[in-house]
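Undergrad: entry_39.tsv is reproduced in full below (TSV, C-alpha atoms).
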```
chain	number	residue	atom	x	y	z
A	18	MET	CA	-63.75	-119.21	23.15
A	19	PHE	CA	-61.57	-117.91	25.98
A	20	TYR	CA	-58.17	-119.03	27.16
A	21	TYR	CA	-55.70	-117.88	29.79
A	22	ILE	CA	-52.13	-116.71	29.35
A	23	VAL	CA	-49.52	-115.95	31.95
A	24	ASP	CA	-48.14	-112.46	32.55
A	25	LEU	CA	-44.46	-113.17	33.25
A	26	ARG	CA	-44.09	-109.99	35.32
A	27	ASN	CA	-46.63	-110.82	37.98
A	28	ALA	CA	-47.86	-114.33	37.09
A	29	LYS	CA	-51.46	-113.14	36.98
A	30	LEU	CA	-53.89	-114.86	34.65
A	31	MET	CA	-55.51	-112.71	32.00
A	32	LYS	CA	-58.44	-113.55	29.75
A	33	GLN	CA	-57.88	-113.41	26.01
A	34	THR	CA	-59.94	-114.50	23.03
A	35	LEU	CA	-58.56	-117.10	20.63
A	36	THR	CA	-60.06	-119.63	18.25
A	37	GLN	CA	-57.68	-122.54	18.43
A	38	ILE	CA	-59.72	-125.66	17.72
A	39	HIS	CA	-58.75	-127.12	14.35
A	40	PRO	CA	-61.31	-126.36	11.60
A	41	MET	CA	-61.79	-130.08	10.94
A	42	TRP	CA	-64.09	-130.11	14.00
A	43	GLU	CA	-66.46	-127.44	12.66
A	44	ASN	CA	-68.68	-130.21	11.29
A	45	PHE	CA	-68.77	-131.84	14.74
A	46	PRO	CA	-69.90	-129.02	17.08
A	47	THR	CA	-70.40	-131.27	20.12
A	48	VAL	CA	-66.87	-132.63	19.86
A	49	GLN	CA	-65.58	-129.12	19.15
A	50	ALA	CA	-67.15	-127.76	22.34
A	51	GLU	CA	-65.79	-130.62	24.44
A	52	LEU	CA	-62.30	-130.13	23.00
A	53	GLN	CA	-62.49	-126.50	24.08
A	54	ASP	CA	-63.24	-127.74	27.61
A	55	VAL	CA	-60.23	-130.06	27.33
A	56	LEU	CA	-57.99	-127.13	26.42
A	57	LEU	CA	-59.21	-125.19	29.45
A	58	ILE	CA	-58.39	-128.17	31.67
A	59	ILE	CA	-54.90	-128.31	30.18
A	60	GLN	CA	-54.37	-124.59	30.61
A	61	ASN	CA	-55.46	-124.77	34.25
A	62	SER	CA	-53.07	-127.70	34.75
A	63	LEU	CA	-50.05	-125.68	33.65
A	64	GLN	CA	-48.87	-124.30	36.98
A	65	ALA	CA	-45.10	-124.68	36.66
A	66	ASN	CA	-42.83	-122.91	39.15
A	67	ASP	CA	-40.75	-121.67	36.23
A	68	LYS	CA	-42.95	-119.21	34.34
A	69	GLU	CA	-40.80	-119.43	31.21
A	70	VAL	CA	-41.53	-123.16	31.01
A	71	GLU	CA	-45.20	-122.46	31.66
A	72	GLN	CA	-45.34	-119.78	28.96
A	73	ALA	CA	-43.56	-122.04	26.47
A	74	LEU	CA	-46.21	-124.71	26.98
A	75	LEU	CA	-49.10	-122.27	26.80
A	76	ASP	CA	-47.76	-120.90	23.54
A	77	MET	CA	-47.51	-124.38	22.07
A	78	PHE	CA	-51.05	-125.35	23.02
A	79	HIS	CA	-52.37	-122.04	21.73
A	80	ALA	CA	-50.67	-122.71	18.38
A	81	GLY	CA	-53.30	-125.37	17.87
A	82	GLY	CA	-53.34	-128.97	16.72
A	83	LYS	CA	-55.86	-131.46	15.38
A	84	MET	CA	-56.43	-133.01	18.83
A	85	LEU	CA	-57.46	-136.30	17.23
A	86	ARG	CA	-56.33	-138.40	20.16
A	87	PRO	CA	-58.35	-136.64	22.89
A	88	ALA	CA	-61.26	-136.48	20.47
A	89	PHE	CA	-61.16	-140.27	20.19
A	90	THR	CA	-61.21	-140.52	23.98
A	91	LEU	CA	-64.25	-138.25	24.18
A	92	ILE	CA	-66.18	-139.89	21.34
A	93	ILE	CA	-65.49	-143.49	22.35
A	94	GLY	CA	-66.38	-142.58	25.92
A	95	GLN	CA	-69.90	-141.73	24.75
A	96	PHE	CA	-70.70	-145.36	23.88
A	97	TYR	CA	-70.80	-146.16	27.62
A	98	PRO	CA	-71.15	-142.73	29.26
A	99	ARG	CA	-70.40	-142.39	32.95
A	100	ASN	CA	-68.50	-139.42	34.39
A	101	ASN	CA	-68.10	-136.76	31.71
A	102	SER	CA	-65.82	-134.60	33.86
A	103	ASP	CA	-63.41	-137.49	34.36
A	104	LEU	CA	-63.60	-138.26	30.65
A	105	LYS	CA	-62.56	-134.71	29.73
A	106	HIS	CA	-59.67	-134.81	32.19
A	107	ILE	CA	-58.53	-138.14	30.72
A	108	ALA	CA	-58.72	-136.58	27.25
A	109	ALA	CA	-56.62	-133.68	28.53
A	110	ALA	CA	-54.03	-136.15	29.84
A	111	ILE	CA	-53.88	-137.79	26.42
A	112	GLU	CA	-53.22	-134.45	24.70
A	113	MET	CA	-50.57	-133.51	27.27
A	114	LEU	CA	-48.85	-136.86	26.74
A	115	HIS	CA	-48.92	-136.41	22.97
A	116	THR	CA	-47.55	-132.87	23.27
A	117	ALA	CA	-44.78	-134.04	25.60
A	118	THR	CA	-43.59	-136.48	22.94
A	119	LEU	CA	-43.62	-133.69	20.33
A	120	VAL	CA	-41.57	-131.37	22.56
A	121	HIS	CA	-38.96	-134.08	23.08
A	122	ASP	CA	-39.02	-135.00	19.37
A	123	ASP	CA	-38.19	-131.41	18.50
A	124	ILE	CA	-35.22	-131.45	20.88
A	125	ILE	CA	-33.84	-134.66	19.36
A	126	ASP	CA	-34.44	-133.50	15.78
A	127	ASP	CA	-33.41	-129.89	16.44
A	128	SER	CA	-36.67	-128.89	14.73
A	129	PRO	CA	-37.09	-125.14	14.20
A	130	GLU	CA	-40.88	-125.21	13.80
A	131	ARG	CA	-43.95	-126.87	15.25
A	132	ARG	CA	-47.55	-126.05	14.31
A	133	HIS	CA	-46.61	-123.10	12.09
A	134	ALA	CA	-44.65	-121.48	14.94
A	135	PRO	CA	-41.13	-121.66	16.37
A	136	SER	CA	-40.66	-124.86	18.37
A	137	ILE	CA	-40.06	-124.56	22.11
A	138	GLN	CA	-36.45	-125.69	21.74
A	139	SER	CA	-35.70	-123.15	19.00
A	140	ARG	CA	-37.40	-120.26	20.82
A	141	PHE	CA	-36.56	-120.94	24.47
A	142	GLY	CA	-33.62	-123.34	24.23
A	143	LYS	CA	-33.24	-127.08	24.73
A	144	ASP	CA	-33.11	-126.80	28.52
A	145	VAL	CA	-36.53	-125.14	28.73
A	146	ALA	CA	-37.89	-127.62	26.18
A	147	ALA	CA	-36.60	-130.59	28.19
A	148	TYR	CA	-38.19	-129.25	31.37
A	149	ALA	CA	-41.42	-128.50	29.50
A	150	GLY	CA	-41.67	-132.03	28.12
A	151	ASP	CA	-40.90	-133.56	31.52
A	152	TYR	CA	-43.49	-131.31	33.16
A	153	LEU	CA	-46.14	-132.53	30.72
A	154	PHE	CA	-45.28	-136.18	31.41
A	155	ALA	CA	-45.73	-135.53	35.14
A	156	ALA	CA	-48.99	-133.62	34.57
A	157	THR	CA	-50.27	-136.48	32.41
A	158	PHE	CA	-49.91	-139.14	35.07
A	159	LYS	CA	-51.08	-136.87	37.87
A	160	THR	CA	-54.28	-136.21	35.92
A	161	LEU	CA	-54.80	-139.89	35.15
A	162	ALA	CA	-54.25	-140.84	38.79
A	163	TYR	CA	-56.94	-138.40	39.95
A	164	HIS	CA	-59.51	-139.14	37.23
A	165	THR	CA	-59.39	-142.89	36.59
A	166	SER	CA	-61.22	-145.30	38.86
A	167	ASP	CA	-58.97	-148.25	38.04
A	168	MET	CA	-55.20	-148.00	38.56
A	169	LYS	CA	-54.80	-150.69	35.91
A	170	LEU	CA	-55.51	-147.93	33.41
A	171	VAL	CA	-52.53	-145.96	34.66
A	172	GLN	CA	-50.47	-149.14	34.33
A	173	GLN	CA	-51.69	-149.50	30.74
A	174	ALA	CA	-50.74	-145.90	30.07
A	175	THR	CA	-47.25	-146.58	31.41
A	176	SER	CA	-46.95	-149.71	29.26
A	177	LEU	CA	-48.06	-147.88	26.14
A	178	LEU	CA	-45.63	-145.07	26.91
A	179	GLU	CA	-42.95	-147.76	26.75
A	180	ASP	CA	-44.34	-148.76	23.32
A	181	ILE	CA	-44.05	-145.15	22.17
A	182	LEU	CA	-40.44	-144.99	23.35
A	183	THR	CA	-39.73	-148.31	21.62
A	184	GLY	CA	-41.07	-146.81	18.40
A	185	GLU	CA	-38.76	-143.82	18.83
A	186	LEU	CA	-35.79	-146.11	19.46
A	187	THR	CA	-36.69	-148.16	16.39
A	188	GLN	CA	-36.72	-144.94	14.38
A	189	ARG	CA	-33.28	-144.10	15.77
A	190	THR	CA	-32.00	-147.55	14.75
A	191	ASN	CA	-33.36	-147.01	11.24
A	192	HIS	CA	-31.67	-143.60	10.76
A	193	TYR	CA	-30.26	-143.22	7.25
A	194	ASP	CA	-30.92	-146.91	6.52
A	195	ARG	CA	-31.16	-147.06	2.71
A	196	HIS	CA	-32.26	-150.70	2.96
A	197	MET	CA	-35.10	-150.05	5.36
A	198	THR	CA	-38.24	-152.06	4.56
A	199	LEU	CA	-41.94	-151.34	4.90
A	200	ALA	CA	-42.01	-153.91	7.70
A	201	ASN	CA	-39.41	-151.84	9.61
A	202	TYR	CA	-41.48	-148.71	8.97
A	203	LYS	CA	-44.72	-150.30	10.18
A	204	GLU	CA	-43.05	-151.46	13.39
A	205	GLN	CA	-41.71	-147.95	13.91
A	206	ILE	CA	-45.02	-146.12	13.48
A	207	ALA	CA	-46.97	-148.76	15.42
A	208	GLY	CA	-45.05	-147.69	18.50
A	209	LYS	CA	-44.49	-144.04	17.70
A	210	THR	CA	-48.05	-143.17	16.61
A	211	ALA	CA	-50.60	-145.98	16.75
A	212	ALA	CA	-49.90	-146.82	20.40
A	213	LEU	CA	-51.19	-143.45	21.59
A	214	PHE	CA	-54.35	-143.80	19.49
A	215	VAL	CA	-54.91	-147.19	21.15
A	216	LEU	CA	-54.43	-145.67	24.60
A	217	SER	CA	-56.88	-142.88	23.73
A	218	ALA	CA	-59.54	-145.41	22.81
A	219	LYS	CA	-58.91	-147.71	25.76
A	220	LEU	CA	-59.12	-144.94	28.33
A	221	GLY	CA	-62.29	-143.55	26.77
A	222	ALA	CA	-63.96	-146.95	26.83
A	223	ALA	CA	-62.69	-147.86	30.29
A	224	ASN	CA	-64.11	-144.66	31.79
A	225	GLY	CA	-67.56	-146.15	31.23
A	226	ASN	CA	-66.60	-149.69	32.26
A	227	ALA	CA	-67.17	-150.92	28.70
A	228	PRO	CA	-67.21	-154.70	28.16
A	229	GLU	CA	-64.01	-156.44	27.07
A	230	GLU	CA	-65.30	-157.17	23.56
A	231	PHE	CA	-65.94	-153.47	23.01
A	232	MET	CA	-62.48	-152.59	24.38
A	233	THR	CA	-60.88	-154.98	21.88
A	234	LEU	CA	-62.86	-153.59	18.95
A	235	VAL	CA	-62.05	-149.94	19.66
A	236	SER	CA	-58.41	-150.80	20.34
A	237	ASP	CA	-58.10	-152.52	16.96
A	238	PHE	CA	-60.00	-149.69	15.30
A	239	SER	CA	-57.80	-146.98	16.80
A	240	TYR	CA	-54.63	-148.90	15.93
A	241	ASN	CA	-55.63	-148.97	12.27
A	242	VAL	CA	-56.63	-145.30	12.29
A	243	GLY	CA	-53.32	-144.41	13.92
A	244	MET	CA	-51.39	-146.32	11.27
A	245	ALA	CA	-53.37	-144.69	8.46
A	246	PHE	CA	-52.99	-141.26	10.01
A	247	GLN	CA	-49.19	-141.52	10.24
A	248	ILE	CA	-48.81	-142.86	6.70
A	249	LEU	CA	-50.95	-140.04	5.31
A	250	ASP	CA	-49.06	-137.51	7.40
A	251	ASP	CA	-45.83	-138.81	5.87
A	252	ILE	CA	-47.34	-138.60	2.39
A	253	LEU	CA	-48.00	-134.90	2.94
A	254	ASP	CA	-44.22	-134.32	2.92
A	255	TYR	CA	-44.37	-135.10	-0.79
A	256	GLN	CA	-47.51	-133.10	-1.51
A	257	SER	CA	-47.30	-129.94	0.59
A	258	THR	CA	-45.27	-126.80	1.18
A	259	ASN	CA	-43.54	-125.72	4.40
A	260	HIS	CA	-46.50	-123.47	5.21
A	261	ASP	CA	-49.04	-126.28	4.78
A	262	LEU	CA	-47.16	-128.58	7.13
A	263	GLY	CA	-45.95	-126.10	9.73
A	264	LYS	CA	-42.46	-127.58	9.38
A	265	PRO	CA	-39.78	-127.64	6.66
A	266	THR	CA	-40.61	-129.93	3.73
A	267	LEU	CA	-38.58	-133.20	3.66
A	268	GLN	CA	-36.91	-132.23	6.92
A	269	ASP	CA	-37.33	-135.84	8.07
A	270	VAL	CA	-35.36	-137.13	5.07
A	271	ARG	CA	-32.43	-134.84	5.86
A	272	GLU	CA	-32.54	-136.17	9.42
A	273	GLY	CA	-32.44	-139.78	8.22
A	274	VAL	CA	-36.08	-140.59	8.96
A	275	TYR	CA	-37.52	-142.43	5.96
A	276	SER	CA	-41.27	-142.95	5.51
A	277	ALA	CA	-43.48	-145.10	3.29
A	278	PRO	CA	-43.29	-143.13	-0.01
A	279	LEU	CA	-39.49	-142.94	0.07
A	280	ILE	CA	-39.05	-146.53	1.27
A	281	ILE	CA	-41.19	-147.77	-1.62
A	282	ALA	CA	-39.46	-145.53	-4.17
A	283	MET	CA	-35.86	-146.17	-3.12
A	284	GLN	CA	-36.00	-149.91	-3.76
A	285	ASN	CA	-33.77	-150.61	-6.79
A	286	ASN	CA	-33.60	-146.89	-7.67
A	287	ASP	CA	-29.96	-145.91	-8.10
A	288	ALA	CA	-30.65	-142.17	-8.51
A	289	ILE	CA	-32.53	-141.97	-5.21
A	290	GLN	CA	-29.94	-144.13	-3.46
A	291	THR	CA	-27.18	-141.79	-4.65
A	292	LEU	CA	-28.95	-138.76	-3.18
A	293	LEU	CA	-29.63	-140.53	0.11
A	294	LYS	CA	-25.92	-141.28	0.53
A	295	LYS	CA	-25.47	-137.54	1.16
A	296	LYS	CA	-27.50	-137.89	4.36
A	297	ASP	CA	-27.90	-134.49	6.07
A	298	GLN	CA	-25.73	-132.80	3.43
A	299	ILE	CA	-28.44	-133.06	0.80
A	300	SER	CA	-29.16	-129.60	-0.61
A	301	THR	CA	-32.54	-127.91	-1.01
A	302	ALA	CA	-32.39	-128.38	-4.78
A	303	GLU	CA	-31.54	-132.05	-4.33
A	304	SER	CA	-34.42	-132.43	-1.87
A	305	VAL	CA	-36.80	-131.06	-4.50
A	306	ALA	CA	-35.34	-133.45	-7.08
A	307	LEU	CA	-35.73	-136.33	-4.63
A	308	ARG	CA	-39.36	-135.47	-3.99
A	309	ASP	CA	-40.02	-135.29	-7.75
A	310	MET	CA	-38.45	-138.73	-8.26
A	311	VAL	CA	-40.54	-140.25	-5.47
A	312	ILE	CA	-43.73	-138.82	-6.97
A	313	ALA	CA	-42.79	-139.91	-10.52
A	314	SER	CA	-42.14	-143.46	-9.31
A	315	GLY	CA	-45.76	-143.92	-8.25
A	316	ALA	CA	-44.67	-144.56	-4.67
A	317	VAL	CA	-47.02	-141.92	-3.26
A	318	ASP	CA	-49.99	-143.72	-4.81
A	319	GLU	CA	-48.78	-147.01	-3.33
A	320	ALA	CA	-48.46	-145.37	0.08
A	321	ILE	CA	-51.99	-144.00	-0.24
A	322	ALA	CA	-53.18	-147.54	-1.01
A	323	LEU	CA	-51.40	-148.78	2.11
A	324	ALA	CA	-53.11	-146.12	4.22
A	325	SER	CA	-56.43	-147.01	2.59
A	326	SER	CA	-56.04	-150.63	3.67
A	327	TYR	CA	-55.69	-149.55	7.30
A	328	THR	CA	-58.61	-147.15	6.97
A	329	ASN	CA	-60.80	-149.87	5.46
A	330	ASP	CA	-59.86	-152.26	8.28
A	331	ALA	CA	-60.83	-149.55	10.76
A	332	LEU	CA	-64.21	-149.06	9.08
A	333	GLU	CA	-64.87	-152.81	9.14
A	334	GLN	CA	-64.26	-152.83	12.88
A	335	LEU	CA	-66.56	-149.84	13.30
A	336	ASP	CA	-69.37	-151.77	11.62
A	337	LYS	CA	-69.36	-154.11	14.61
A	338	LEU	CA	-69.93	-151.32	17.14
A	339	PRO	CA	-73.41	-150.41	18.45
A	340	GLU	CA	-75.33	-147.91	16.31
A	341	SER	CA	-75.07	-144.43	17.81
A	342	ASP	CA	-74.14	-140.83	17.08
A	343	ALA	CA	-70.66	-141.62	18.38
A	344	LYS	CA	-70.28	-144.36	15.80
A	345	ASP	CA	-71.41	-142.03	13.00
A	346	THR	CA	-68.83	-139.47	14.11
A	347	LEU	CA	-66.03	-142.05	14.14
A	348	VAL	CA	-66.99	-143.21	10.64
A	349	ALA	CA	-66.96	-139.63	9.34
A	350	ILE	CA	-63.56	-138.91	10.91
A	351	SER	CA	-62.04	-142.11	9.53
A	352	GLU	CA	-63.28	-141.33	6.04
A	353	ALA	CA	-61.96	-137.76	6.32
A	354	LEU	CA	-58.49	-139.09	7.12
A	355	LEU	CA	-58.19	-140.66	3.69
A	356	GLU	CA	-59.19	-137.42	2.02
A	357	ARG	CA	-56.05	-135.74	3.41
A	358	ALA	CA	-53.98	-137.29	0.63
A	359	ASN	CA	-56.48	-137.03	-2.23
```
In structure tokens, write the structure found in this file.
TA:
Amino acid sequence: MFYYIVDLRNAKLMKQTLTQIHPMWENFPTVQAELQDVLLIIQNSLQANDKEVEQALLDMFHAGGKMLRPAFTLIIGQFYPRNNSDLKHIAAAIEMLHTATLVHDDIIDDSPERRHAPSIQSRFGKDVAAYAGDYLFAATFKTLAYHTSDMKLVQQATSLLEDILTGELTQRTNHYDRHMTLANYKEQIAGKTAALFVLSAKLGAANGNAPEEFMTLVSDFSYNVGMAFQILDDILDYQSTNHDLGKPTLQDVREGVYSAPLIIAMQNNDAIQTLLKKKDQISTAESVALRDMVIASGAVDEAIALASSYTNDALEQLDKLPESDAKDTLVAISEALLERAN
């Protein structure tokens, strides 16, 4: 496909070739093509006065991502199709909103990497990153305002943004909490991750004026997929290398962010508790030892089972949806999520 980059010397747009859609969509060519359109919409939306901010954002989008959330908007929108152009713009808004939260996360966490590349804050500085994230938030709501027929949807987006922030604040409250429970963790990821999946589904369905029963089903479905996705993403910290993840392994643990495998393993485990007392002073060798202890405890398998329960709930809700190609695609994607940890 083609994308546009900005020449900082004269701000002219130049055409370049880049394959940036995640390979998971190769088995879904229709979705893949529509996601390429979504990326073009995003790229054309990035018209910041500060070209360094603009370039930082372009680089991040070109680094690629799974784009699950806009894909859900596009696929769910096909159950009650109406205006496909609006649907793609709404999907673009979802991806911009998601990316804005990542940019701000990297500032807070001082993350050096994102998507196998230097993060905006590490490459351009925290000031550029802050402006870039803010710019994306503004672009998100501008796009939604122009491409949704019901302003209640924008209100829902604002409300769910509050849920996302609440999840982030819950995570902050739980920093370095060695007595954190799975209930605390679920509350945290419900706001931080699942809320945006729910918004993706709701906006996709609402674009076609879907009935309320359908809206409820896809909202519940996307919540469960979002929960499963985050749990499995956290499991990858204990199964993958830095290169696989595009970020340093167990970086979250050093920053005091504890996820399902560690929370399960650290209960009544003195050796793990001793290492966690070191907080951000834990060494690389100790991080490796910690990961080995978590794996040996069987906690990763328990976390996989937890993710499976959410995935199974999602599939049960999908069974109630009308038969269609869109439904088949959602089933295939949900099943593929569980394979990430197998």
Undergrad: Could you jot down the CA of Asp251 (chain A) to CA of Asp318 (chain A) separation for me, Å, one decimal place?
TA: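 Distance between the two atoms: 12.5 Å.
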Undergrad: May I have the protein, DNA and RNA residues with any atom at most 12 Å from the point (-53.3, -145.4, 6.4), counting all atoms listed in the file, written as a VMD selection string?
TA: chain A and resid 203 206 to 207 210 to 211 238 to 252 277 318 to 332 351 to 358
Undergrad: Enter the distance from CA of Val70 (chain A) to CA of Ala88 (chain A), in Å, rounded to one decimal.
TA: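 If I compute the distance from CA of Val70 (chain A) to CA of Ala88 (chain A), I get 26.0 Å.
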Undergrad: Measuring between all atoms listed in the file, which one of A:Val235, A:Leu74, A:Ala108, A:Leu85 shows the shortest distance to Met41 (chain A)?
TA: A:Leu85
Undergrad: Can you list every residue of region 215-332 of chain A that has an atom at most 10 Å from region 179-192 of chain A, with its nearest atom pair and the distance in Å to one decimal, using all atoms listed in the file, ordered by chain then number, as JSON lines?
TA:
```
{"residue": "A:Asp269", "atom": "CA", "partner": "A:His192", "partner_atom": "CA", "distance": 10.0}
{"residue": "A:Val270", "atom": "CA", "partner": "A:His192", "partner_atom": "CA", "distance": 9.4}
{"residue": "A:Glu272", "atom": "CA", "partner": "A:His192", "partner_atom": "CA", "distance": 7.6}
{"residue": "A:Gly273", "atom": "CA", "partner": "A:His192", "partner_atom": "CA", "distance": 4.7}
{"residue": "A:Val274", "atom": "CA", "partner": "A:His192", "partner_atom": "CA", "distance": 5.6}
{"residue": "A:Tyr275", "atom": "CA", "partner": "A:His192", "partner_atom": "CA", "distance": 7.7}
{"residue": "A:Lys296", "atom": "CA", "partner": "A:His192", "partner_atom": "CA", "distance": 9.5}
```
Undergrad: Show me, as a list in words, the residues that have an atom within 9 Å of region 168-176 of chain A when counting all atoms listed in the file, minus same-chain residues fewer than 5 positions from it.
TA: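 Close residues of region 168-176 of chain A: Phe158, Leu161, Ala162, Ile181, Leu213, Leu216, Lys219, Leu220 and Ala223 of chain A.
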Undergrad: Calculated over all atoms listed in the file, which of the candidates A:Pro339, A:Gln268, A:Phe154, A:Leu91 has the smallest distance to Asp127 (chain A)?
TA: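 Residue with the minimum atom-to-atom distance to Asp127 (chain A): A:Gln268.
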Undergrad: What does the structure give for the distance between CA of Ala146 (chain A) and CA of Phe78 (chain A), in Å to one decimal?
TA: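 Going from CA of Ala146 (chain A) over to CA of Phe78 (chain A), I get 13.7 Å.
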Undergrad: Choose the residue, out of A:Ser217, A:Asn100, A:Gln60, A:Gln284, that has the smallest atom-to-atom separation from Pro87 (chain A); count only C-alpha atoms.
TA: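 For Pro87 (chain A), the nearest of the given residues is A:Ser217.
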Undergrad: Could you give me, as a VMD selection string, the residues within 12 Å of Asp76 (chain A), counting all atoms listed in the file and dropping anything in the same chain fewer than 3 positions from it?
TA: chain A and resid 20 to 23 35 37 60 63 68 to 73 79 to 82 116 131 to 137 140 to 141 149
Undergrad: Please determine, counting only C-alpha atoms, which residue among A:Leu52, A:Met197, A:Ala212, A:Leu234 has the shortest atom-to-atom distance to Leu114 (chain A).
TA: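 Selected residue with least distance to Leu114 (chain A): A:Ala212.
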Undergrad: Go through A:Asn66, A:Asn224, A:Ser128, A:Thr301 and flag the residue nearest Lys105 (chain A), using only C-alpha atoms for the distances.
TA: A:Asn224
Undergrad: Pick out the closest residue to Leu267 (chain A) from this set: A:Glu340, A:Asp237, A:Asp309, A:Asp67. Count only C-alpha atoms.
TA: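 Comparing A:Glu340, A:Asp237, A:Asp309, A:Asp67 against Leu267 (chain A), the winner is A:Asp309.
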Undergrad: Taking the partial coordinates given, rebuild region 43-63 of chain A to contain N, CA and C atoms; return it as an mmCIF file, in the frame of the given file.
TA:
```cif
data_model
loop_
_atom_site.group_PDB
_atom_site.id
_atom_site.type_symbol
_atom_site.label_atom_id
_atom_site.label_comp_id
_atom_site.auth_asym_id
_atom_site.auth_seq_id
_atom_site.Cartn_x
_atom_site.Cartn_y
_atom_site.Cartn_z
ATOM 1 N N GLU A 43 -65.303 -128.316 12.868
ATOM 2 C CA GLU A 43 -66.460 -127.440 12.660
ATOM 3 C C GLU A 43 -67.712 -128.225 12.296
ATOM 4 N N ASN A 44 -67.533 -129.372 11.655
ATOM 5 C CA ASN A 44 -68.680 -130.210 11.290
ATOM 6 C C ASN A 44 -69.137 -131.105 12.446
ATOM 7 N N PHE A 45 -68.435 -131.029 13.557
ATOM 8 C CA PHE A 45 -68.770 -131.840 14.740
ATOM 9 C C PHE A 45 -68.835 -130.910 15.948
ATOM 10 N N PRO A 46 -69.862 -130.069 16.048
ATOM 11 C CA PRO A 46 -69.900 -129.020 17.080
ATOM 12 C C PRO A 46 -69.856 -129.550 18.511
ATOM 13 N N THR A 47 -70.438 -130.722 18.760
ATOM 14 C CA THR A 47 -70.400 -131.270 20.120
ATOM 15 C C THR A 47 -68.971 -131.619 20.517
ATOM 16 N N VAL A 48 -68.272 -132.284 19.608
ATOM 17 C CA VAL A 48 -66.870 -132.630 19.860
ATOM 18 C C VAL A 48 -66.037 -131.355 19.985
ATOM 19 N N GLN A 49 -66.310 -130.394 19.129
ATOM 20 C CA GLN A 49 -65.580 -129.120 19.150
ATOM 21 C C GLN A 49 -65.704 -128.442 20.519
ATOM 22 N N ALA A 50 -66.923 -128.397 21.040
ATOM 23 C CA ALA A 50 -67.150 -127.760 22.340
ATOM 24 C C ALA A 50 -66.435 -128.509 23.462
ATOM 25 N N GLU A 51 -66.454 -129.836 23.395
ATOM 26 C CA GLU A 51 -65.790 -130.620 24.440
ATOM 27 C C GLU A 51 -64.268 -130.478 24.359
ATOM 28 N N LEU A 52 -63.739 -130.344 23.149
ATOM 29 C CA LEU A 52 -62.300 -130.130 23.000
ATOM 30 C C LEU A 52 -61.886 -128.770 23.563
ATOM 31 N N GLN A 53 -62.769 -127.796 23.455
ATOM 32 C CA GLN A 53 -62.490 -126.500 24.080
ATOM 33 C C GLN A 53 -62.411 -126.644 25.594
ATOM 34 N N ASP A 54 -63.302 -127.469 26.161
ATOM 35 C CA ASP A 54 -63.240 -127.740 27.610
ATOM 36 C C ASP A 54 -61.923 -128.432 27.965
ATOM 37 N N VAL A 55 -61.497 -129.349 27.107
ATOM 38 C CA VAL A 55 -60.230 -130.060 27.330
ATOM 39 C C VAL A 55 -59.064 -129.083 27.361
ATOM 40 N N LEU A 56 -59.067 -128.130 26.445
ATOM 41 C CA LEU A 56 -57.990 -127.130 26.420
ATOM 42 C C LEU A 56 -57.973 -126.299 27.700
ATOM 43 N N LEU A 57 -59.146 -125.955 28.198
ATOM 44 C CA LEU A 57 -59.210 -125.190 29.450
ATOM 45 C C LEU A 57 -58.645 -126.005 30.619
ATOM 46 N N ILE A 58 -58.936 -127.299 30.623
ATOM 47 C CA ILE A 58 -58.390 -128.170 31.670
ATOM 48 C C ILE A 58 -56.863 -128.193 31.584
ATOM 49 N N ILE A 59 -56.353 -128.303 30.367
ATOM 50 C CA ILE A 59 -54.900 -128.310 30.180
ATOM 51 C C ILE A 59 -54.289 -127.004 30.657
ATOM 52 N N GLN A 60 -54.904 -125.902 30.244
ATOM 53 C CA GLN A 60 -54.370 -124.590 30.610
ATOM 54 C C GLN A 60 -54.365 -124.391 32.126
ATOM 55 N N ASN A 61 -55.400 -124.885 32.788
ATOM 56 C CA ASN A 61 -55.460 -124.770 34.250
ATOM 57 C C ASN A 61 -54.497 -125.725 34.940
ATOM 58 N N SER A 62 -54.023 -126.737 34.190
ATOM 59 C CA SER A 62 -53.070 -127.700 34.750
ATOM 60 C C SER A 62 -51.635 -127.195 34.675
ATOM 61 N N LEU A 63 -51.411 -126.186 33.844
ATOM 62 C CA LEU A 63 -50.050 -125.680 33.650
ATOM 63 C C LEU A 63 -49.714 -124.660 34.724
#
```
